[in-house]
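Visitor: Can you keep this structure in mind? I'll have questions shortly.
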Amino acid sequence: MGDTRRRGAVALGVTALVAPLTLALTAAPAQAASCTAKAGPYQKKVEKFLGRKADGKQSTADCKAIRAFQTKHGIQPNAGYAGPVTWGVMDLMTKQKAVGKNPNKSGKCPTSKGRIACVNLSLQLSWIQDGKKLVYGPVPVRTGRNGYETRTGLKKVYWRNIDHVSTIYHVPMPYSQFFDGGQAFHSVGVSMWSPPGSHGCVNMTKTDAKKYWSLLKKGDDVYVYGRKPGT
């Protein structure tokens, strides 16, 4: 979500990774609506990700498992079809998990700034480092969708409001830490993998947003780089 309350800002927006991913892989209860009997183009890959027999054939049990995953992460339509959006979320989860505890392996987030919050749009990950030392994360985040992209570059936290409410979207933005013209870190109550994304802010779980609130202060650096898939 974004906001315009501070400095005439124009709104364009919105632990470690292993724990959130473990929760993400836990199937949510399937809904009552009917499942599709048609196998999708990513059937085998989706079946393998979900720990099912990867035969490329849609079964009732396959559909229910796929649909539960879609429902949990806000993927629509949630009819159990193994399409590109569902596989894209699963593929991103796999790539995020592979990062482990070395999110700045490429060295793209500056190590000469002291404490800094890094955001990798390509992998939808964020972390806090101090020099080369990892302080917190990496954690999954949900950044700006196509047309509302989270802007890249070196920023600074310029305003913090723990109980912020968006004046544009009229929704709560708890633990808001603004770093670029209305774009901020803040918590949301949806899955970090729910497409298509935010209106520019860096969405976080409540746990991670609270931790960022405790670790960052006004004036701290934020570095955003990469490109979100689909933008």
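Chain labels follow the order of the structure tokens: the first chain is A, the next B, and so on; residue numbering restarts at 1 in every chain, and ligands are counted from 1 in their shown order.
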Find the spatial neighbours of A:Val85, counting only C-alpha atoms, within a cut-off of 12 Å - ignore same-chain residues fewer than 6 positions away - and output them as a list in words.
Guide: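 Answer for this query is Gly40, Pro41, Tyr42, Val46, Ile66, Phe69, Gln70, His73, Gly74, Ile75, Gln76, Pro77, Asn78, Asp91, Leu92, Trp193, Ser194, Pro195, Pro196, Pro229 and Gly230 of chain A.
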Visitor: Taking a cut-off of 9 Å and counting only C-alpha atoms, can you build a table that, for each residue of stretch 82-143 of chain A near stretch 215-219 of chain A, reports the nearest atom pair and how far apart they are in Å (one decimal), sorted by chain then residue number, as CSV?
Guide:
```
residue,atom,partner,partner_atom,distance
A:Arg115,CA,A:Leu216,CA,8.1
A:Ile116,CA,A:Leu216,CA,8.2
A:Ala117,CA,A:Leu216,CA,8.0
A:Ile128,CA,A:Leu215,CA,8.2
A:Val135,CA,A:Leu215,CA,8.7
A:Tyr136,CA,A:Leu215,CA,8.7
```
Visitor: I need the chosen residues saved as a short mmCIF file (atom, residue, chain, number, x, y, z; two decimals), in the first residue's frame, with N, CA, C and O atoms.
Guide:
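Saved to part_22.cif:
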```cif
data_model
loop_
_atom_site.label_atom_id
_atom_site.label_comp_id
_atom_site.auth_asym_id
_atom_site.auth_seq_id
_atom_site.Cartn_x
_atom_site.Cartn_y
_atom_site.Cartn_z
N ARG A 115 24.49 -0.38 8.93
CA ARG A 115 23.20 -1.07 8.94
C ARG A 115 22.35 -0.64 7.75
O ARG A 115 22.17 0.55 7.50
N ILE A 116 21.84 -1.62 7.01
CA ILE A 116 21.07 -1.34 5.81
C ILE A 116 20.05 -2.46 5.59
O ILE A 116 20.34 -3.63 5.84
N ALA A 117 18.86 -2.07 5.16
CA ALA A 117 17.83 -3.05 4.79
C ALA A 117 17.92 -3.27 3.29
O ALA A 117 17.86 -2.32 2.51
N ILE A 128 18.31 -7.60 6.70
CA ILE A 128 19.05 -6.47 7.27
C ILE A 128 20.47 -6.94 7.53
O ILE A 128 20.70 -8.00 8.11
N VAL A 135 22.20 -9.46 9.90
CA VAL A 135 21.56 -9.17 11.18
C VAL A 135 20.21 -9.89 11.30
O VAL A 135 19.87 -10.42 12.37
N TYR A 136 19.45 -9.91 10.22
CA TYR A 136 18.13 -10.55 10.25
C TYR A 136 17.72 -10.97 8.85
O TYR A 136 17.91 -10.24 7.89
#
```
Visitor: In Å, rounded to a single decimal, give me how far atom CA of A:Ala61 is from atom CA of A:Ala82.
Guide: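 So the two atoms, atom CA of A:Ala82 and atom CA of A:Ala61, lie 13.1 Å apart.
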Visitor: I need the residues of stretch 28-184 of chain A that end up classed as helix (DSSP H, G or I) by DSSP on the backbone, written out as number ranges by chain.
Guide: A: 43-49, 60-72, 84-99
Visitor: In terms of the shortest atom-to-atom distance over only C-alpha atoms, which of A:Cys118, A:Val190, A:Ala37, A:Ile168 is closest to A:Tyr212?
Guide: A:Cys118
